[in-house]
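**Student:** Starting off with a structure, shown below.
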Amino acid sequence: QVQLVESGGGLVQPGGSLRLSCAASGRTFSTVRMGWFRQAPGKEREFVAAISGSGAYTSYADSVKGRFAISRDNAKNTVSLQMNSLKPEDTAVYYCAADAARRGLSGGYTNPSQFDYWGQGTQVTVSS
């Protein structure tokens, strides 16, 4: 069992930055690959970024590559998403997710159904 709690969302102007954090508890965190997903109103939940259990490997959606950075601190059981150069189209509820069955990024990590545990979500609004 893994419990996830996100924080750090809010309202930001286009071009601004936000840092989302996700605190995890419940099992050995370093064995779990983590992901960030987002869902805008009327749209399906989409992949944003993923990180392997060790933190050595990361992957990003094309829409955020070069602007967002995922990281993790296994000593503190946290995963973060640094979001820079934000655009109005980044507006969504952002979710932290854990895939308890896999540690690496060998495949499947862009599919929300691969992830067993989800946080409650945090709203990010990019608007002037």
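So you can find residues: chains in the structure tokens are A, B, ... in the order shown, residues in each start at 1, and ligands are numbered from 1 in order.
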Contacts of Ser80 in chain A at 7 Å or less, counting only C-alpha atoms, minus same-chain residues fewer than 4 places along, as a PyMOL selection string?
**Tutor:** chain A and resi 19-22+70-72
**Student:** Let me see the file: selected residues, all heavy atoms, as a compact mmCIF listing (two decimals), in the first residue's frame.
**Tutor:**
# COMPACT_ATOMS: atom_id res chain seq x y z
N ARG A 19 6.57 24.53 -8.49
CA ARG A 19 7.18 23.25 -8.11
C ARG A 19 6.14 22.44 -7.36
O ARG A 19 5.66 22.86 -6.30
CB ARG A 19 8.42 23.46 -7.25
CG ARG A 19 9.17 22.17 -6.94
CD ARG A 19 10.44 22.47 -6.17
NE ARG A 19 11.21 21.28 -5.85
CZ ARG A 19 12.11 20.74 -6.67
NH1 ARG A 19 12.35 21.30 -7.86
NH2 ARG A 19 12.79 19.65 -6.31
N LEU A 20 5.81 21.29 -7.91
CA LEU A 20 4.89 20.36 -7.25
C LEU A 20 5.69 19.32 -6.47
O LEU A 20 6.74 18.88 -6.92
CB LEU A 20 4.01 19.66 -8.28
CG LEU A 20 3.22 20.54 -9.24
CD1 LEU A 20 2.34 19.67 -10.14
CD2 LEU A 20 2.40 21.57 -8.50
N SER A 21 5.15 18.95 -5.33
CA SER A 21 5.77 17.90 -4.52
C SER A 21 4.76 16.82 -4.21
O SER A 21 3.55 17.08 -4.13
CB SER A 21 6.31 18.49 -3.22
OG SER A 21 7.38 19.38 -3.47
N CYS A 22 5.28 15.63 -4.02
CA CYS A 22 4.43 14.48 -3.69
C CYS A 22 5.12 13.71 -2.58
O CYS A 22 6.25 13.24 -2.76
CB CYS A 22 4.23 13.61 -4.92
SG CYS A 22 3.32 12.07 -4.63
N ILE A 70 11.45 16.24 -13.49
CA ILE A 70 11.01 15.37 -12.39
C ILE A 70 12.24 14.92 -11.61
O ILE A 70 13.31 14.66 -12.19
CB ILE A 70 10.21 14.16 -12.94
CG1 ILE A 70 9.59 13.37 -11.80
CG2 ILE A 70 11.08 13.28 -13.83
CD1 ILE A 70 8.61 12.28 -12.28
N SER A 71 12.09 14.83 -10.30
CA SER A 71 13.19 14.37 -9.46
C SER A 71 12.60 13.67 -8.24
O SER A 71 11.40 13.77 -7.98
CB SER A 71 14.07 15.55 -9.01
OG SER A 71 13.31 16.49 -8.27
N ARG A 72 13.44 12.95 -7.53
CA ARG A 72 12.98 12.28 -6.33
C ARG A 72 14.07 12.26 -5.29
O ARG A 72 15.26 12.29 -5.61
CB ARG A 72 12.51 10.86 -6.65
CG ARG A 72 13.57 9.90 -7.10
CD ARG A 72 12.96 8.59 -7.62
NE ARG A 72 12.24 7.85 -6.59
CZ ARG A 72 11.33 6.92 -6.87
NH1 ARG A 72 11.02 6.63 -8.12
NH2 ARG A 72 10.73 6.28 -5.88
**Student:** Please return, as number ranges by chain, all residues of chain A that DSSP assigns to strand (DSSP E or B) on the basis of the backbone.
**Tutor:** A: 3-7, 10-12, 18-25, 33-39, 46-51, 58-60, 68-73, 78-83, 92-99, 117-118, 122-126
**Student:** Range 103-113 of chain A: which residues within 12 Å, counting only C-alpha atoms, same-chain residues fewer than 4 positions away excluded, as a PDB file with N, CA, C and O atoms, in the first residue's frame?
**Tutor:**
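Below you can see selection.pdb, which holds the result:
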ATOM      1  N   THR A  28       8.598   0.550   0.738  1.00  0.00           N
ATOM      2  CA  THR A  28       9.938   0.971   0.345  1.00  0.00           C
ATOM      3  C   THR A  28       9.866   1.811  -0.922  1.00  0.00           C
ATOM      4  O   THR A  28       9.597   1.303  -2.002  1.00  0.00           O
ATOM      5  N   PHE A  29      10.092   3.088  -0.776  1.00  0.00           N
ATOM      6  CA  PHE A  29       9.852   4.040  -1.847  1.00  0.00           C
ATOM      7  C   PHE A  29      10.783   3.831  -3.025  1.00  0.00           C
ATOM      8  O   PHE A  29      10.384   3.997  -4.183  1.00  0.00           O
ATOM      9  N   SER A  30      12.024   3.459  -2.775  1.00  0.00           N
ATOM     10  CA  SER A  30      13.007   3.354  -3.853  1.00  0.00           C
ATOM     11  C   SER A  30      12.724   2.194  -4.812  1.00  0.00           C
ATOM     12  O   SER A  30      13.367   2.096  -5.852  1.00  0.00           O
ATOM     13  N   THR A  31      11.804   1.313  -4.469  1.00  0.00           N
ATOM     14  CA  THR A  31      11.461   0.192  -5.351  1.00  0.00           C
ATOM     15  C   THR A  31      10.322   0.540  -6.298  1.00  0.00           C
ATOM     16  O   THR A  31       9.913  -0.297  -7.103  1.00  0.00           O
ATOM     17  N   VAL A  32       9.817   1.737  -6.225  1.00  0.00           N
ATOM     18  CA  VAL A  32       8.588   2.109  -6.919  1.00  0.00           C
ATOM     19  C   VAL A  32       8.868   3.173  -7.964  1.00  0.00           C
ATOM     20  O   VAL A  32       9.432   4.221  -7.634  1.00  0.00           O
ATOM     21  N   ARG A  33       8.471   2.924  -9.211  1.00  0.00           N
ATOM     22  CA  ARG A  33       8.585   4.001 -10.181  1.00  0.00           C
ATOM     23  C   ARG A  33       7.413   4.948 -10.011  1.00  0.00           C
ATOM     24  O   ARG A  33       6.304   4.542  -9.669  1.00  0.00           O
ATOM     25  N   MET A  34       7.671   6.218 -10.264  1.00  0.00           N
ATOM     26  CA  MET A  34       6.706   7.274 -10.013  1.00  0.00           C
ATOM     27  C   MET A  34       6.420   8.047 -11.284  1.00  0.00           C
ATOM     28  O   MET A  34       7.277   8.168 -12.168  1.00  0.00           O
ATOM     29  N   GLY A  35       5.217   8.597 -11.336  1.00  0.00           N
ATOM     30  CA  GLY A  35       4.848   9.401 -12.493  1.00  0.00           C
ATOM     31  C   GLY A  35       4.005  10.596 -12.093  1.00  0.00           C
ATOM     32  O   GLY A  35       3.420  10.620 -11.005  1.00  0.00           O
ATOM     33  N   TRP A  36       4.016  11.584 -12.960  1.00  0.00           N
ATOM     34  CA  TRP A  36       3.093  12.713 -12.872  1.00  0.00           C
ATOM     35  C   TRP A  36       2.191  12.682 -14.093  1.00  0.00           C
ATOM     36  O   TRP A  36       2.670  12.521 -15.228  1.00  0.00           O
ATOM     37  N   PHE A  37       0.906  12.855 -13.853  1.00  0.00           N
ATOM     38  CA  PHE A  37      -0.088  12.932 -14.906  1.00  0.00           C
ATOM     39  C   PHE A  37      -0.895  14.198 -14.698  1.00  0.00           C
ATOM     40  O   PHE A  37      -0.852  14.801 -13.618  1.00  0.00           O
ATOM     41  N   ARG A  38      -1.633  14.600 -15.717  1.00  0.00           N
ATOM     42  CA  ARG A  38      -2.501  15.767 -15.561  1.00  0.00           C
ATOM     43  C   ARG A  38      -3.796  15.541 -16.323  1.00  0.00           C
ATOM     44  O   ARG A  38      -3.848  14.765 -17.277  1.00  0.00           O
ATOM     45  N   GLN A  39      -4.815  16.245 -15.868  1.00  0.00           N
ATOM     46  CA  GLN A  39      -6.110  16.135 -16.512  1.00  0.00           C
ATOM     47  C   GLN A  39      -6.769  17.499 -16.553  1.00  0.00           C
ATOM     48  O   GLN A  39      -7.021  18.102 -15.509  1.00  0.00           O
ATOM     49  N   GLU A  44      -8.938  13.596 -21.320  1.00  0.00           N
ATOM     50  CA  GLU A  44      -8.462  12.408 -20.621  1.00  0.00           C
ATOM     51  C   GLU A  44      -7.192  12.736 -19.833  1.00  0.00           C
ATOM     52  O   GLU A  44      -6.466  13.684 -20.138  1.00  0.00           O
ATOM     53  N   ARG A  45      -6.950  11.906 -18.841  1.00  0.00           N
ATOM     54  CA  ARG A  45      -5.720  12.048 -18.068  1.00  0.00           C
ATOM     55  C   ARG A  45      -4.531  11.716 -18.963  1.00  0.00           C
ATOM     56  O   ARG A  45      -4.551  10.712 -19.689  1.00  0.00           O
ATOM     57  N   GLU A  46      -3.504  12.566 -18.919  1.00  0.00           N
ATOM     58  CA  GLU A  46      -2.360  12.366 -19.798  1.00  0.00           C
ATOM     59  C   GLU A  46      -1.054  12.340 -19.031  1.00  0.00           C
ATOM     60  O   GLU A  46      -0.904  12.966 -17.982  1.00  0.00           O
ATOM     61  N   PHE A  47      -0.115  11.600 -19.596  1.00  0.00           N
ATOM     62  CA  PHE A  47       1.217  11.458 -19.025  1.00  0.00           C
ATOM     63  C   PHE A  47       1.978  12.771 -19.113  1.00  0.00           C
ATOM     64  O   PHE A  47       1.918  13.475 -20.129  1.00  0.00           O
ATOM     65  N   VAL A  48       2.713  13.078 -18.049  1.00  0.00           N
ATOM     66  CA  VAL A  48       3.577  14.263 -18.025  1.00  0.00           C
ATOM     67  C   VAL A  48       5.042  13.853 -17.898  1.00  0.00           C
ATOM     68  O   VAL A  48       5.876  14.239 -18.710  1.00  0.00           O
ATOM     69  N   ALA A  49       5.354  13.070 -16.860  1.00  0.00           N
ATOM     70  CA  ALA A  49       6.744  12.686 -16.615  1.00  0.00           C
ATOM     71  C   ALA A  49       6.783  11.442 -15.739  1.00  0.00           C
ATOM     72  O   ALA A  49       5.829  11.159 -15.019  1.00  0.00           O
ATOM     73  N   ALA A  50       7.895  10.713 -15.824  1.00  0.00           N
ATOM     74  CA  ALA A  50       8.080   9.536 -14.984  1.00  0.00           C
ATOM     75  C   ALA A  50       9.538   9.436 -14.569  1.00  0.00           C
ATOM     76  O   ALA A  50      10.431   9.965 -15.244  1.00  0.00           O
ATOM     77  N   ILE A  51       9.761   8.749 -13.449  1.00  0.00           N
ATOM     78  CA  ILE A  51      11.114   8.573 -12.936  1.00  0.00           C
ATOM     79  C   ILE A  51      11.242   7.166 -12.368  1.00  0.00           C
ATOM     80  O   ILE A  51      10.317   6.643 -11.736  1.00  0.00           O
ATOM     81  N   SER A  52      12.400   6.548 -12.604  1.00  0.00           N
ATOM     82  CA  SER A  52      12.623   5.194 -12.110  1.00  0.00           C
ATOM     83  C   SER A  52      12.809   5.193 -10.595  1.00  0.00           C
ATOM     84  O   SER A  52      12.991   6.248  -9.973  1.00  0.00           O
ATOM     85  N   GLY A  53      12.796   4.012 -10.011  1.00  0.00           N
ATOM     86  CA  GLY A  53      12.904   3.896  -8.566  1.00  0.00           C
ATOM     87  C   GLY A  53      14.177   4.494  -8.000  1.00  0.00           C
ATOM     88  O   GLY A  53      14.169   5.109  -6.933  1.00  0.00           O
ATOM     89  N   SER A  54      15.275   4.326  -8.728  1.00  0.00           N
ATOM     90  CA  SER A  54      16.552   4.878  -8.255  1.00  0.00           C
ATOM     91  C   SER A  54      16.696   6.357  -8.550  1.00  0.00           C
ATOM     92  O   SER A  54      17.555   7.023  -7.972  1.00  0.00           O
ATOM     93  N   GLY A  55      15.894   6.857  -9.472  1.00  0.00           N
ATOM     94  CA  GLY A  55      16.009   8.239  -9.909  1.00  0.00           C
ATOM     95  C   GLY A  55      16.971   8.428 -11.074  1.00  0.00           C
ATOM     96  O   GLY A  55      17.130   9.544 -11.567  1.00  0.00           O
ATOM     97  N   ALA A  56      17.583   7.345 -11.550  1.00  0.00           N
ATOM     98  CA  ALA A  56      18.585   7.461 -12.599  1.00  0.00           C
ATOM     99  C   ALA A  56      17.985   7.717 -13.978  1.00  0.00           C
ATOM    100  O   ALA A  56      18.667   8.229 -14.865  1.00  0.00           O
ATOM    101  N   TYR A  57      16.735   7.321 -14.156  1.00  0.00           N
ATOM    102  CA  TYR A  57      16.099   7.440 -15.472  1.00  0.00           C
ATOM    103  C   TYR A  57      14.827   8.259 -15.373  1.00  0.00           C
ATOM    104  O   TYR A  57      14.036   8.098 -14.436  1.00  0.00           O
ATOM    105  N   THR A  58      14.642   9.145 -16.349  1.00  0.00           N
ATOM    106  CA  THR A  58      13.458   9.976 -16.412  1.00  0.00           C
ATOM    107  C   THR A  58      12.925   9.990 -17.840  1.00  0.00           C
ATOM    108  O   THR A  58      13.652   9.688 -18.798  1.00  0.00           O
ATOM    109  N   SER A  59      11.662  10.338 -17.964  1.00  0.00           N
ATOM    110  CA  SER A  59      11.041  10.450 -19.281  1.00  0.00           C
ATOM    111  C   SER A  59       9.959  11.517 -19.215  1.00  0.00           C
ATOM    112  O   SER A  59       9.341  11.709 -18.157  1.00  0.00           O
ATOM    113  N   TYR A  60       9.755  12.211 -20.349  1.00  0.00           N
ATOM    114  CA  TYR A  60       8.823  13.324 -20.391  1.00  0.00           C
ATOM    115  C   TYR A  60       7.927  13.257 -21.617  1.00  0.00           C
ATOM    116  O   TYR A  60       8.338  12.771 -22.689  1.00  0.00           O
ATOM    117  N   ALA A  61       6.725  13.792 -21.477  1.00  0.00           N
ATOM    118  CA  ALA A  61       5.878  14.006 -22.637  1.00  0.00           C
ATOM    119  C   ALA A  61       6.519  15.085 -23.514  1.00  0.00           C
ATOM    120  O   ALA A  61       7.179  15.994 -23.007  1.00  0.00           O
ATOM    121  N   ASP A  62       6.325  14.977 -24.804  1.00  0.00           N
ATOM    122  CA  ASP A  62       6.916  15.958 -25.721  1.00  0.00           C
ATOM    123  C   ASP A  62       6.468  17.379 -25.401  1.00  0.00           C
ATOM    124  O   ASP A  62       7.225  18.332 -25.574  1.00  0.00           O
ATOM    125  N   TYR A  95      -1.580  15.029 -10.982  1.00  0.00           N
ATOM    126  CA  TYR A  95      -1.626  13.878 -10.091  1.00  0.00           C
ATOM    127  C   TYR A  95      -0.268  13.199 -10.018  1.00  0.00           C
ATOM    128  O   TYR A  95       0.387  12.981 -11.051  1.00  0.00           O
ATOM    129  N   CYS A  96       0.099  12.831  -8.827  1.00  0.00           N
ATOM    130  CA  CYS A  96       1.251  11.987  -8.577  1.00  0.00           C
ATOM    131  C   CYS A  96       0.767  10.538  -8.547  1.00  0.00           C
ATOM    132  O   CYS A  96      -0.320  10.262  -8.009  1.00  0.00           O
ATOM    133  N   ALA A  97       1.553   9.619  -9.114  1.00  0.00           N
ATOM    134  CA  ALA A  97       1.130   8.222  -9.169  1.00  0.00           C
ATOM    135  C   ALA A  97       2.313   7.296  -8.925  1.00  0.00           C
ATOM    136  O   ALA A  97       3.453   7.629  -9.272  1.00  0.00           O
ATOM    137  N   ALA A  98       2.022   6.139  -8.350  1.00  0.00           N
ATOM    138  CA  ALA A  98       3.044   5.144  -8.050  1.00  0.00           C
ATOM    139  C   ALA A  98       2.707   3.812  -8.711  1.00  0.00           C
ATOM    140  O   ALA A  98       1.565   3.350  -8.637  1.00  0.00           O
ATOM    141  N   ASP A  99       3.708   3.207  -9.352  1.00  0.00           N
ATOM    142  CA  ASP A  99       3.564   1.877  -9.943  1.00  0.00           C
ATOM    143  C   ASP A  99       4.336   0.914  -9.055  1.00  0.00           C
ATOM    144  O   ASP A  99       5.556   0.778  -9.181  1.00  0.00           O
ATOM    145  N   TYR A 117      -1.421   3.483  -7.499  1.00  0.00           N
ATOM    146  CA  TYR A 117      -1.767   4.412  -6.423  1.00  0.00           C
ATOM    147  C   TYR A 117      -1.702   5.843  -6.940  1.00  0.00           C
ATOM    148  O   TYR A 117      -0.790   6.201  -7.695  1.00  0.00           O
ATOM    149  N   TRP A 118      -2.647   6.651  -6.464  1.00  0.00           N
ATOM    150  CA  TRP A 118      -2.783   8.029  -6.934  1.00  0.00           C
ATOM    151  C   TRP A 118      -2.992   8.975  -5.770  1.00  0.00           C
ATOM    152  O   TRP A 118      -3.637   8.625  -4.773  1.00  0.00           O
TER     153      TRP A 118
END
**Student:** Looking at only C-alpha atoms, which of A:Asn77, A:Gln114, A:Gln123, A:Ser25 is the one that sits closest to Leu4 in chain A?
**Tutor:** A:Ser25
**Student:** CA of Thr125 in chain A to CA of Ala23 in chain A: how many Å, to one decimal?
**Tutor:**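 Separation between CA of Thr125 in chain A and CA of Ala23 in chain A: 21.4 Å.
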**Student:** Which of these, A:Val5, A:Val126, A:Met83, A:Val12, has the shortest distance to Lys65 in chain A once you count only C-alpha atoms?
**Tutor:**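 Looking only at the distances to Lys65 in chain A, the closest residue turns out to be A:Met83.
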**Student:** Tell me which of A:Ser7, A:Gln120, A:Ser17, A:Gln1 sits closest to Gln82 in chain A, counting only C-alpha atoms.
**Tutor:**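 Of A:Ser7, A:Gln120, A:Ser17, A:Gln1, the one nearest Gln82 in chain A is A:Ser17, counting only C-alpha atoms.
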**Student:** Which of these residues is nearest to Ala92 in chain A, using only C-alpha atoms: A:Asn74, A:Thr122, A:Ser128, A:Ser63?
**Tutor:**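 Nearest to Ala92 in chain A: A:Thr122.
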**Student:** For Leu81 in chain A, which residue out of A:Ala101, A:Val93, A:Ala69, A:Val2 is the nearest one, using only C-alpha atoms?
**Tutor:**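 Smallest separation from Leu81 in chain A among the options: A:Ala69.
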